[in-house]
$ cat structure-v4.cif   # mmCIF, C-alpha atoms
data_my_file
#
loop_
_atom_site.label_atom_id
_atom_site.label_comp_id
_atom_site.auth_asym_id
_atom_site.auth_seq_id
_atom_site.Cartn_x
_atom_site.Cartn_y
_atom_site.Cartn_z
CA MET A 1 -16.39 -8.61 43.29
CA LYS A 2 -13.47 -7.26 41.27
CA GLU A 3 -14.10 -7.10 37.56
CA LEU A 4 -11.97 -9.18 35.25
CA LEU A 5 -10.15 -8.11 32.10
CA TYR A 6 -11.10 -9.56 28.77
CA GLN A 7 -9.64 -9.18 25.34
CA VAL A 8 -12.43 -8.86 22.83
CA GLU A 9 -11.77 -9.09 19.10
CA LEU A 10 -14.01 -7.39 16.60
CA ILE A 11 -13.64 -8.42 12.97
CA ILE A 12 -15.43 -6.41 10.31
CA ILE A 13 -15.78 -8.09 6.96
CA ASN A 14 -17.95 -7.72 3.88
CA LYS A 15 -21.20 -9.70 3.88
CA ASP A 16 -21.28 -12.75 1.66
CA GLY A 17 -22.15 -11.59 -1.82
CA VAL A 18 -20.64 -8.11 -1.43
CA ARG A 19 -17.56 -7.84 -3.65
CA ASP A 20 -14.24 -7.45 -1.83
CA PRO A 21 -11.66 -5.94 -4.20
CA GLU A 22 -8.90 -5.97 -1.58
CA GLY A 23 -9.33 -9.66 -0.80
CA GLU A 24 -9.69 -10.48 -4.50
CA THR A 25 -6.47 -8.60 -5.30
CA ILE A 26 -4.51 -10.37 -2.56
CA GLN A 27 -5.91 -13.70 -3.76
CA ARG A 28 -5.05 -13.05 -7.40
CA TYR A 29 -1.61 -11.44 -7.12
CA VAL A 30 -0.16 -12.99 -3.98
CA VAL A 31 -1.94 -16.10 -2.74
CA ARG A 32 -2.52 -17.85 -6.08
CA LYS A 33 1.17 -17.72 -6.87
CA LEU A 34 2.00 -19.77 -3.82
CA SER A 35 -0.89 -22.21 -3.57
CA ASP A 36 -3.82 -23.42 -5.64
CA LYS A 37 -5.44 -24.87 -2.54
CA VAL A 38 -6.68 -21.48 -1.34
CA LEU A 39 -9.98 -20.85 -3.10
CA GLU A 40 -10.77 -17.44 -1.71
CA THR A 41 -9.13 -14.64 0.29
CA ARG A 42 -11.15 -11.96 2.00
CA ALA A 43 -9.90 -8.80 3.69
CA GLY A 44 -11.43 -7.06 6.65
CA LYS A 45 -10.61 -4.91 9.63
CA TYR A 46 -9.57 -6.18 13.03
CA LEU A 47 -10.02 -4.27 16.27
CA LEU A 48 -8.86 -5.52 19.67
CA PHE A 49 -10.44 -4.16 22.85
CA ARG A 50 -9.38 -4.64 26.47
CA VAL A 51 -12.62 -4.67 28.43
CA GLU A 52 -13.28 -4.72 32.16
CA SER A 53 -16.24 -6.93 32.82
CA ASN A 54 -17.80 -9.48 35.16
CA SER A 55 -18.27 -12.09 32.50
CA SER A 56 -17.30 -13.09 29.01
CA ASP A 57 -20.86 -12.57 27.76
CA GLU A 58 -21.02 -9.09 29.24
CA ALA A 59 -17.67 -8.14 27.66
CA LYS A 60 -18.96 -9.32 24.30
CA GLU A 61 -22.16 -7.30 24.71
CA VAL A 62 -20.17 -4.13 25.48
CA VAL A 63 -18.26 -4.44 22.21
CA LYS A 64 -21.39 -5.38 20.27
CA LYS A 65 -23.12 -2.27 21.58
CA ILE A 66 -20.18 -0.04 20.62
CA ALA A 67 -20.00 -1.61 17.17
CA ASN A 68 -23.71 -1.07 16.56
CA GLU A 69 -24.17 2.37 18.06
CA SER A 70 -21.00 3.99 16.76
CA ARG A 71 -21.26 2.42 13.34
CA LEU A 72 -17.85 0.80 13.52
CA PHE A 73 -19.28 -1.19 10.65
CA ASN A 74 -21.86 -0.45 7.99
CA PRO A 75 -24.66 -2.99 8.43
CA LEU A 76 -25.70 -2.58 4.82
CA VAL A 77 -22.49 -4.16 3.53
CA HIS A 78 -20.56 -5.56 6.50
CA LYS A 79 -20.99 -8.33 9.00
CA ILE A 80 -19.13 -8.51 12.29
CA ILE A 81 -17.53 -11.33 14.19
CA ILE A 82 -16.94 -10.83 17.93
CA ARG A 83 -14.66 -13.18 19.83
CA VAL A 84 -13.83 -13.03 23.53
CA VAL A 85 -10.53 -14.11 25.01
CA ARG A 86 -9.83 -13.81 28.75
CA ASP A 87 -6.95 -11.44 29.33
CA GLU A 88 -4.06 -13.47 30.74
CA SER A 89 -2.65 -10.47 32.57
CA SER A 90 -5.71 -10.28 34.83
CA GLY A 91 -4.46 -13.19 36.93
CA ASN A 92 -6.26 -16.23 38.41
CA MET B 1 21.01 5.70 -20.86
CA ARG B 2 17.66 4.02 -21.20
CA VAL B 3 15.38 4.45 -18.25
CA ALA B 4 12.13 2.55 -17.69
CA VAL B 5 9.38 4.37 -15.84
CA ILE B 6 7.26 1.55 -14.45
CA LYS B 7 3.49 1.66 -14.51
CA PHE B 8 1.66 -0.66 -12.16
CA PRO B 9 -2.15 -0.63 -12.02
CA GLY B 10 -2.80 2.38 -9.78
CA THR B 11 0.47 4.18 -10.51
CA THR B 12 -0.48 7.82 -11.14
CA CYS B 13 2.73 9.83 -11.54
CA GLU B 14 4.35 8.12 -14.51
CA ILE B 15 3.66 10.90 -17.03
CA ASP B 16 4.94 13.57 -14.64
CA VAL B 17 8.12 11.56 -14.10
CA TYR B 18 8.51 10.96 -17.83
CA LYS B 19 8.14 14.69 -18.57
CA ALA B 20 10.53 15.68 -15.79
CA LEU B 21 13.13 13.20 -17.07
CA ARG B 22 12.70 14.65 -20.56
CA GLU B 23 13.29 18.11 -19.07
CA ALA B 24 16.45 16.69 -17.49
CA ASN B 25 17.53 15.34 -20.90
CA VAL B 26 17.24 11.76 -19.69
CA GLU B 27 15.93 9.32 -22.26
CA SER B 28 13.09 7.31 -20.76
CA GLU B 29 9.85 5.54 -21.56
CA VAL B 30 6.80 4.45 -19.61
CA VAL B 31 6.59 0.66 -19.41
CA ARG B 32 3.62 -1.37 -18.21
CA TYR B 33 4.70 -3.68 -15.42
CA LYS B 34 3.78 -6.88 -17.25
CA GLU B 35 5.73 -5.82 -20.34
CA PHE B 36 8.86 -4.91 -18.44
CA ASP B 37 12.09 -6.63 -19.47
CA GLY B 38 14.94 -5.68 -17.15
CA ASP B 39 17.61 -6.60 -19.70
CA LYS B 40 16.51 -3.73 -21.93
CA TYR B 41 17.16 -0.95 -19.42
CA ASN B 42 20.03 0.56 -17.51
CA ALA B 43 17.85 2.17 -14.90
CA VAL B 44 14.33 2.06 -13.50
CA VAL B 45 12.16 4.70 -11.89
CA ILE B 46 9.13 3.50 -9.92
CA PRO B 47 6.79 6.51 -9.72
CA GLY B 48 4.24 7.40 -7.08
CA GLY B 49 0.57 6.60 -6.94
CA PHE B 50 -1.50 3.87 -5.38
CA SER B 51 -0.28 0.64 -6.95
CA PHE B 52 -2.88 -2.12 -6.71
CA GLY B 53 -5.12 0.23 -4.74
CA ASP B 54 -2.71 0.29 -1.76
CA TYR B 55 -4.40 -2.94 -0.72
CA LEU B 56 -2.99 -4.83 2.26
CA ARG B 57 -0.20 -2.26 2.73
CA ALA B 58 0.96 0.43 0.33
CA GLY B 59 3.39 -1.23 -2.09
CA SER B 60 2.93 -4.78 -0.81
CA ILE B 61 1.09 -6.25 -3.80
CA ALA B 62 3.43 -4.71 -6.37
CA ALA B 63 6.34 -6.11 -4.34
CA ASN B 64 5.05 -9.60 -5.16
CA THR B 65 5.19 -9.15 -8.95
CA ASP B 66 7.73 -10.65 -11.33
CA THR B 67 8.56 -7.06 -12.30
CA MET B 68 9.98 -6.41 -8.85
CA ARG B 69 11.89 -9.70 -8.92
CA GLN B 70 13.60 -8.43 -12.08
CA ILE B 71 14.19 -5.01 -10.55
CA LYS B 72 15.80 -6.66 -7.51
CA GLU B 73 18.19 -8.45 -9.87
CA MET B 74 18.99 -5.15 -11.56
CA ALA B 75 19.61 -3.50 -8.20
CA ASP B 76 21.85 -6.36 -7.09
CA SER B 77 23.85 -6.09 -10.30
CA GLY B 78 24.51 -2.41 -9.69
CA LYS B 79 21.96 -0.89 -12.06
CA VAL B 80 20.17 2.26 -10.96
CA VAL B 81 16.78 1.94 -9.26
CA VAL B 82 14.82 4.97 -8.03
CA GLY B 83 11.54 4.81 -6.10
CA ILE B 84 9.41 7.89 -5.54
CA CYS B 85 6.68 7.91 -2.87
CA ASN B 86 4.67 4.74 -3.63
CA GLY B 87 7.76 3.61 -5.54
CA PHE B 88 9.76 3.97 -2.32
CA GLN B 89 7.09 1.98 -0.49
CA ILE B 90 7.35 -0.75 -3.14
CA LEU B 91 11.17 -0.88 -2.81
CA VAL B 92 10.89 -1.25 0.94
CA GLU B 93 8.16 -3.88 0.70
CA SER B 94 10.31 -5.77 -1.82
CA GLY B 95 13.25 -5.80 0.57
CA ILE B 96 15.38 -3.94 -2.00
CA LEU B 97 15.73 -1.08 0.47
CA GLU B 98 15.79 -1.49 4.23
CA GLY B 99 13.13 -0.46 6.72
CA ALA B 100 9.40 0.11 6.56
CA LEU B 101 7.03 2.96 5.71
CA LEU B 102 4.24 3.21 8.27
CA PRO B 103 1.12 5.37 8.48
CA ASN B 104 1.89 9.02 9.34
CA LEU B 105 1.82 9.56 13.09
CA ASN B 106 -0.97 12.12 12.83
CA MET B 107 -2.98 9.67 10.67
CA ARG B 108 -3.48 12.30 7.99
CA PHE B 109 -2.77 12.37 4.30
CA LEU B 110 -0.06 15.03 4.03
CA SER B 111 0.22 17.17 0.92
CA LYS B 112 2.67 20.05 1.33
CA TRP B 113 6.04 21.43 0.32
CA VAL B 114 8.91 20.65 2.66
CA TYR B 115 12.64 21.26 2.93
CA VAL B 116 15.04 18.35 3.05
CA ARG B 117 18.73 18.33 3.86
CA VAL B 118 20.95 16.13 1.75
CA ASN B 119 22.76 13.73 4.07
CA ARG B 120 24.71 11.74 1.49
CA PHE B 121 26.40 12.86 -1.71
CA ASP B 122 27.52 9.38 -2.75
CA THR B 123 24.23 8.25 -4.36
CA VAL B 124 23.33 8.29 -8.02
CA LEU B 125 20.94 11.24 -7.56
CA THR B 126 22.89 13.34 -5.10
CA LYS B 127 26.41 13.00 -6.47
CA GLY B 128 27.55 16.42 -7.64
CA LEU B 129 24.54 18.32 -6.29
CA ASN B 130 25.51 21.94 -5.77
CA LYS B 131 23.21 22.58 -2.81
CA ASN B 132 22.50 20.71 0.38
CA VAL B 133 18.94 21.85 1.13
CA LEU B 134 16.16 21.12 -1.36
CA ARG B 135 12.54 22.21 -1.53
CA LEU B 136 10.21 19.41 -2.61
CA PRO B 137 6.54 18.44 -2.23
CA ILE B 138 5.31 15.41 -0.29
CA ALA B 139 1.90 13.76 -0.68
CA HIS B 140 1.37 10.59 1.31
CA ALA B 141 -0.49 8.82 4.10
CA GLU B 142 2.12 6.14 4.76
CA GLY B 143 5.46 7.92 4.80
CA ARG B 144 6.75 7.41 8.33
CA TYR B 145 10.11 5.79 7.76
CA TYR B 146 10.94 3.17 10.37
CA HIS B 147 14.03 1.06 10.97
CA ASP B 148 14.69 -1.10 14.00
CA LYS B 149 18.39 -0.20 13.85
CA PRO B 150 18.50 3.63 13.95
CA GLU B 151 22.29 3.72 13.63
CA LEU B 152 22.12 1.88 10.33
CA ALA B 153 19.22 4.05 9.17
CA LYS B 154 21.28 7.13 9.94
CA ARG B 155 24.06 5.88 7.69
CA LEU B 156 21.69 4.99 4.83
CA ALA B 157 19.67 8.22 5.00
CA VAL B 158 19.95 10.47 1.95
CA LEU B 159 17.29 13.12 2.63
CA LEU B 160 16.26 14.45 6.05
CA TYR B 161 13.27 16.72 6.76
CA SER B 162 14.68 20.08 7.83
CA ASP B 163 14.08 23.81 7.79
CA GLU B 164 15.19 25.98 4.89
CA ARG B 165 18.66 26.36 6.38
CA GLY B 166 19.09 22.60 6.72
CA ASN B 167 18.53 22.32 10.47
CA VAL B 168 17.16 18.86 11.13
CA ASP B 169 14.73 18.96 14.03
CA GLU B 170 11.61 17.12 15.15
CA ARG B 171 9.66 20.34 14.48
CA TYR B 172 10.23 19.82 10.75
CA ASN B 173 9.29 16.15 10.78
CA PRO B 174 5.91 15.96 9.03
CA ASN B 175 5.07 12.31 9.59
CA GLY B 176 7.06 10.95 12.54
CA SER B 177 9.84 9.33 10.52
CA VAL B 178 12.74 8.00 12.57
CA LEU B 179 15.60 10.56 12.51
CA ASN B 180 13.53 12.77 10.14
CA ILE B 181 14.31 10.42 7.26
CA ALA B 182 12.63 11.38 3.96
CA GLY B 183 14.71 9.14 1.71
CA ILE B 184 17.35 6.43 1.91
CA ALA B 185 19.67 4.55 -0.39
CA ASN B 186 21.49 1.25 -0.18
CA GLU B 187 25.14 1.27 0.89
CA GLU B 188 26.32 1.33 -2.73
CA GLY B 189 24.11 4.31 -3.62
CA ASN B 190 22.63 2.80 -6.80
CA VAL B 191 19.20 2.22 -5.24
CA ILE B 192 17.42 5.21 -3.77
CA GLY B 193 13.92 5.75 -2.44
CA MET B 194 12.29 8.95 -1.27
CA MET B 195 8.86 10.14 -0.16
CA PRO B 196 9.12 13.64 -1.77
CA HIS B 197 8.19 14.00 -5.45
CA PRO B 198 11.13 15.46 -7.43
CA GLU B 199 9.06 15.36 -10.65
CA ARG B 200 6.64 17.86 -9.12
CA ALA B 201 9.52 20.23 -8.43
CA SER B 202 10.99 20.14 -11.92
CA PHE B 203 9.17 22.98 -13.67
CA LYS B 204 9.14 26.65 -12.68
CA LEU B 205 5.50 27.01 -13.68
CA THR B 206 4.20 24.44 -11.23
CA SER B 207 6.64 24.68 -8.34
CA GLN B 208 5.82 26.62 -5.19
CA ASP B 209 8.38 29.38 -5.61
CA GLY B 210 9.92 28.78 -9.01
CA SER B 211 12.61 26.49 -7.63
CA ILE B 212 13.32 23.28 -9.51
CA ASP B 213 15.28 21.29 -6.97
CA GLY B 214 13.59 18.08 -8.06
CA LEU B 215 15.10 18.45 -11.52
CA SER B 216 18.56 18.71 -9.95
CA LEU B 217 17.99 15.32 -8.35
CA LEU B 218 16.61 13.70 -11.52
CA ARG B 219 19.57 15.00 -13.53
CA GLY B 220 21.58 12.49 -11.52
CA LEU B 221 20.24 9.86 -13.91
CA LYS B 222 21.98 11.69 -16.71
CA ARG B 223 25.32 11.52 -14.97
CA VAL B 224 25.24 7.74 -15.05
CA GLU B 225 26.94 6.29 -18.09
CA ALA B 226 24.81 4.16 -20.36
#
$ encode --input "structure-v4.cif" --output "structure tokens"
Amino acid sequence: MKELLYQVELIIINKDGVRDPEGETIQRYVVRKLSDKVLETRAGKYLLFRVESNSSDEAKEVVKKIANESRLFNPLVHKIIIRVVRDESSGN
Amino acid sequence: MRVAVIKFPGTTCEIDVYKALREANVESEVVRYKEFDGDKYNAVVIPGGFSFGDYLRAGSIAANTDTMRQIKEMADSGKVVVGICNGFQILVESGILEGALLPNLNMRFLSKWVYVRVNRFDTVLTKGLNKNVLRLPIAHAEGRYYHDKPELAKRLAVLLYSDERGNVDERYNPNGSVLNIAGIANEEGNVIGMMPHPERASFKLTSQDGSIDGLSLLRGLKRVEA
């Protein structure tokens, strides 16, 4: 069976409790001027992968493995969020 | 004329700019961004550095300050506004100058001396310059000038990366800027931004080869009537 294409998003963000000066600065100097409804802003890094895979779960595992083994994040201070989206361009 | 040299948190070059302006016989003072009152000054220089830690994008947080709102008013009213390196990034992020400054194509922080050819002599800093190739240092990670309308960018461009004879070629483009652009001005020529640091090329003792081409540029501020 032909493998499908998936878009997999990897978001790297500081763990709760680890200070985030970039997010705090954006909150204080930009966001707060426009709205008092936003209580917190946090900054992170976003990576988007196009992955060939048989299933959504497998695509997610591939990215999780890369993130862990290549230290795309530092587990001491960061947490990761992985989200899978089927690639529209793959058809059916 | 009175010139304000703006200090944002993270600005690092304000003393160098102040000293270079003094060398150029231009009266100036360093002003903290929160204490800035645009009505008191005829011109503003926004020096280089890493304002607000370069968070989000270089220059983007400073662009959101009331200081930049005032500086936009000054620019619109014809007063002189100069942005150097991070100051250029701030001007672009504020929409006072056109275009964008993106990460260098080779993804490196570049710190080197370059040659630039002067493309316009109708701006406040280049009017009356007696040479058309300048030697200046650059030091940046996000200096790749981008504009989605290259024809317009070509018209606005003031400084172009070149060789020492003024030949503009991709070989002399350090960061991937569109059309080798190192600095631009608005149509009127009263607002100018550049990635090179003229203040670091204003003293024989600290310049690469004794040239002080940066001082020639900064002297442009003296030519403006108070």
$ atom_distance --input "structure-v4.cif" --atom1 "CA of Ala141 (chain B)" --atom2 "CA of Ala43 (chain B)"
27.2 Å
$ residues_around --input "structure-v4.cif" --residues "region 80-85 of chain B" --least-positions-apart "6" --cutoff "6 Å" --atoms "only C-alpha atoms" --output "PDB file with C-alpha atoms, keeping the file's coordinate frame"
ATOM      1  CA  ALA B  43      17.850   2.170 -14.900  1.00  0.00           C
ATOM      2  CA  VAL B  44      14.330   2.060 -13.500  1.00  0.00           C
ATOM      3  CA  VAL B  45      12.160   4.700 -11.890  1.00  0.00           C
ATOM      4  CA  ILE B  46       9.130   3.500  -9.920  1.00  0.00           C
ATOM      5  CA  PRO B  47       6.790   6.510  -9.720  1.00  0.00           C
ATOM      6  CA  GLY B  48       4.240   7.400  -7.080  1.00  0.00           C
ATOM      7  CA  ASN B 190      22.630   2.800  -6.800  1.00  0.00           C
ATOM      8  CA  VAL B 191      19.200   2.220  -5.240  1.00  0.00           C
ATOM      9  CA  ILE B 192      17.420   5.210  -3.770  1.00  0.00           C
ATOM     10  CA  GLY B 193      13.920   5.750  -2.440  1.00  0.00           C
ATOM     11  CA  MET B 194      12.290   8.950  -1.270  1.00  0.00           C
ATOM     12  CA  MET B 195       8.860  10.140  -0.160  1.00  0.00           C
TER      13      MET B 195
END
$ closest_atom_pairs --input "structure-v4.cif" --of "chain B" --to "chain A" --cutoff "8 Å" --atoms "all atoms listed in the file" --output "JSON lines"
{"residue": "B:Phe52", "atom": "CA", "partner": "A:Thr25", "partner_atom": "CA", "distance": 7.5}
{"residue": "B:Gly53", "atom": "CA", "partner": "A:Glu22", "partner_atom": "CA", "distance": 7.9}
{"residue": "B:Tyr55", "atom": "CA", "partner": "A:Glu22", "partner_atom": "CA", "distance": 5.5}
{"residue": "B:Leu56", "atom": "CA", "partner": "A:Glu22", "partner_atom": "CA", "distance": 7.1}
{"residue": "B:Ile61", "atom": "CA", "partner": "A:Tyr29", "partner_atom": "CA", "distance": 6.7}
{"residue": "B:Asn64", "atom": "CA", "partner": "A:Val30", "partner_atom": "CA", "distance": 6.3}
{"residue": "B:Thr65", "atom": "CA", "partner": "A:Tyr29", "partner_atom": "CA", "distance": 7.4}
$ resolve_selection --input "structure-v4.cif" --expression "the PyMOL selection byres ((chain B and resi 176) around 12)" --output "ChimeraX atom specification"
/B:101-108,110,141-146,160-161,169-175,177-182
$ closest_residue --input "structure-v4.cif" --among "A:Leu4, A:Val38, A:Ile80, A:Ile13" --to "Lys64 (chain A)" --atoms "all atoms listed in the file"
A:Ile80
$ resolve_selection --input "structure-v4.cif" --expression "the PyMOL selection byres ((chain A and resi 14) around 12)" --output "list in words"
Ile11, Ile12, Ile13, Lys15, Asp16, Gly17, Val18, Arg19, Asp20, Pro21, Glu22, Gly23, Thr41, Arg42, Ala43, Gly44, Lys45, Phe73, Asn74, Pro75, Leu76, Val77, His78, Lys79, Ile80 and Ile81 of chain A
$ write_last_selection --input "structure-v4.cif" --atoms "C-alpha atoms" --output "PDB file, in the frame of the given file"
ATOM      1  CA  ILE A  11     -13.640  -8.420  12.970  1.00  0.00           C
ATOM      2  CA  ILE A  12     -15.430  -6.410  10.310  1.00  0.00           C
ATOM      3  CA  ILE A  13     -15.780  -8.090   6.960  1.00  0.00           C
ATOM      4  CA  LYS A  15     -21.200  -9.700   3.880  1.00  0.00           C
ATOM      5  CA  ASP A  16     -21.280 -12.750   1.660  1.00  0.00           C
ATOM      6  CA  GLY A  17     -22.150 -11.590  -1.820  1.00  0.00           C
ATOM      7  CA  VAL A  18     -20.640  -8.110  -1.430  1.00  0.00           C
ATOM      8  CA  ARG A  19     -17.560  -7.840  -3.650  1.00  0.00           C
ATOM      9  CA  ASP A  20     -14.240  -7.450  -1.830  1.00  0.00           C
ATOM     10  CA  PRO A  21     -11.660  -5.940  -4.200  1.00  0.00           C
ATOM     11  CA  GLU A  22      -8.900  -5.970  -1.580  1.00  0.00           C
ATOM     12  CA  GLY A  23      -9.330  -9.660  -0.800  1.00  0.00           C
ATOM     13  CA  THR A  41      -9.130 -14.640   0.290  1.00  0.00           C
ATOM     14  CA  ARG A  42     -11.150 -11.960   2.000  1.00  0.00           C
ATOM     15  CA  ALA A  43      -9.900  -8.800   3.690  1.00  0.00           C
ATOM     16  CA  GLY A  44     -11.430  -7.060   6.650  1.00  0.00           C
ATOM     17  CA  LYS A  45     -10.610  -4.910   9.630  1.00  0.00           C
ATOM     18  CA  PHE A  73     -19.280  -1.190  10.650  1.00  0.00           C
ATOM     19  CA  ASN A  74     -21.860  -0.450   7.990  1.00  0.00           C
ATOM     20  CA  PRO A  75     -24.660  -2.990   8.430  1.00  0.00           C
ATOM     21  CA  LEU A  76     -25.700  -2.580   4.820  1.00  0.00           C
ATOM     22  CA  VAL A  77     -22.490  -4.160   3.530  1.00  0.00           C
ATOM     23  CA  HIS A  78     -20.560  -5.560   6.500  1.00  0.00           C
ATOM     24  CA  LYS A  79     -20.990  -8.330   9.000  1.00  0.00           C
ATOM     25  CA  ILE A  80     -19.130  -8.510  12.290  1.00  0.00           C
ATOM     26  CA  ILE A  81     -17.530 -11.330  14.190  1.00  0.00           C
TER      27      ILE A  81
END
$ resolve_selection --input "structure-v4.cif" --expression "the PyMOL selection byres ((chain B and resi 89) around 8)" --output "PDB file with C-alpha atoms, in the frame of the given file"
ATOM      1  CA  ALA B  58       0.960   0.430   0.330  1.00  0.00           C
ATOM      2  CA  GLY B  59       3.390  -1.230  -2.090  1.00  0.00           C
ATOM      3  CA  SER B  60       2.930  -4.780  -0.810  1.00  0.00           C
ATOM      4  CA  GLY B  83      11.540   4.810  -6.100  1.00  0.00           C
ATOM      5  CA  CYS B  85       6.680   7.910  -2.870  1.00  0.00           C
ATOM      6  CA  ASN B  86       4.670   4.740  -3.630  1.00  0.00           C
ATOM      7  CA  GLY B  87       7.760   3.610  -5.540  1.00  0.00           C
ATOM      8  CA  PHE B  88       9.760   3.970  -2.320  1.00  0.00           C
ATOM      9  CA  ILE B  90       7.350  -0.750  -3.140  1.00  0.00           C
ATOM     10  CA  LEU B  91      11.170  -0.880  -2.810  1.00  0.00           C
ATOM     11  CA  VAL B  92      10.890  -1.250   0.940  1.00  0.00           C
ATOM     12  CA  GLU B  93       8.160  -3.880   0.700  1.00  0.00           C
ATOM     13  CA  ALA B 100       9.400   0.110   6.560  1.00  0.00           C
ATOM     14  CA  LEU B 101       7.030   2.960   5.710  1.00  0.00           C
TER      15      LEU B 101
END
$ atom_distance --input "structure-v4.cif" --atom1 "CA of Leu72 (chain A)" --atom2 "CA of Tyr46 (chain A)"
10.8 Å
$ residues_near_point --input "structure-v4.cif" --point "(-7.6, -9.2, 31.1)" --cutoff "12 Å" --atoms "all atoms listed in the file" --output "list in words"
Lys2, Glu3, Leu4, Leu5, Tyr6, Gln7, Val8, Phe49, Arg50, Val51, Glu52, Ser53, Asn54, Ser55, Ser56, Ala59, Val84, Val85, Arg86, Asp87, Glu88, Ser89, Ser90, Gly91 and Asn92 of chain A
$ atom_distance --input "structure-v4.cif" --atom1 "CA of Gly210 (chain B)" --atom2 "CA of Arg120 (chain B)"
24.9 Å
$ residues_around --input "structure-v4.cif" --residues "Ile15 (chain B)" --least-positions-apart "4" --cutoff "9 Å" --atoms "all atoms listed in the file" --output "list of chain:residue names"
B:Val5, B:Lys19, B:Ala20, B:Val30
$ closest_residue --input "structure-v4.cif" --among "B:Ala139, B:Ile212, B:Leu97, B:Met68" --to "Cys13 (chain B)" --atoms "only C-alpha atoms"
B:Ala139
$ axis_aligned_box --input "structure-v4.cif" --around "region 77-84 of chain B" --padding-each-side "3 Å" --output "AutoDock Vina command-line options"
--center_x 17.0 --center_y 0.9 --center_z -8.8 --size_x 21.1 --size_y 20.0 --size_z 12.5
$ residues_around --input "structure-v4.cif" --residues "region 214-225 of chain B" --least-positions-apart "3" --cutoff "6 Å" --atoms "only C-alpha atoms" --output "MDAnalysis selection string"
chainID B and resid 24 26 124:125 198:199 201:202
$ closest_residue --input "structure-v4.cif" --among "A:Leu34, A:Leu39, A:Leu47, A:Ile82" --to "Val62 (chain A)" --atoms "only C-alpha atoms"
A:Ile82
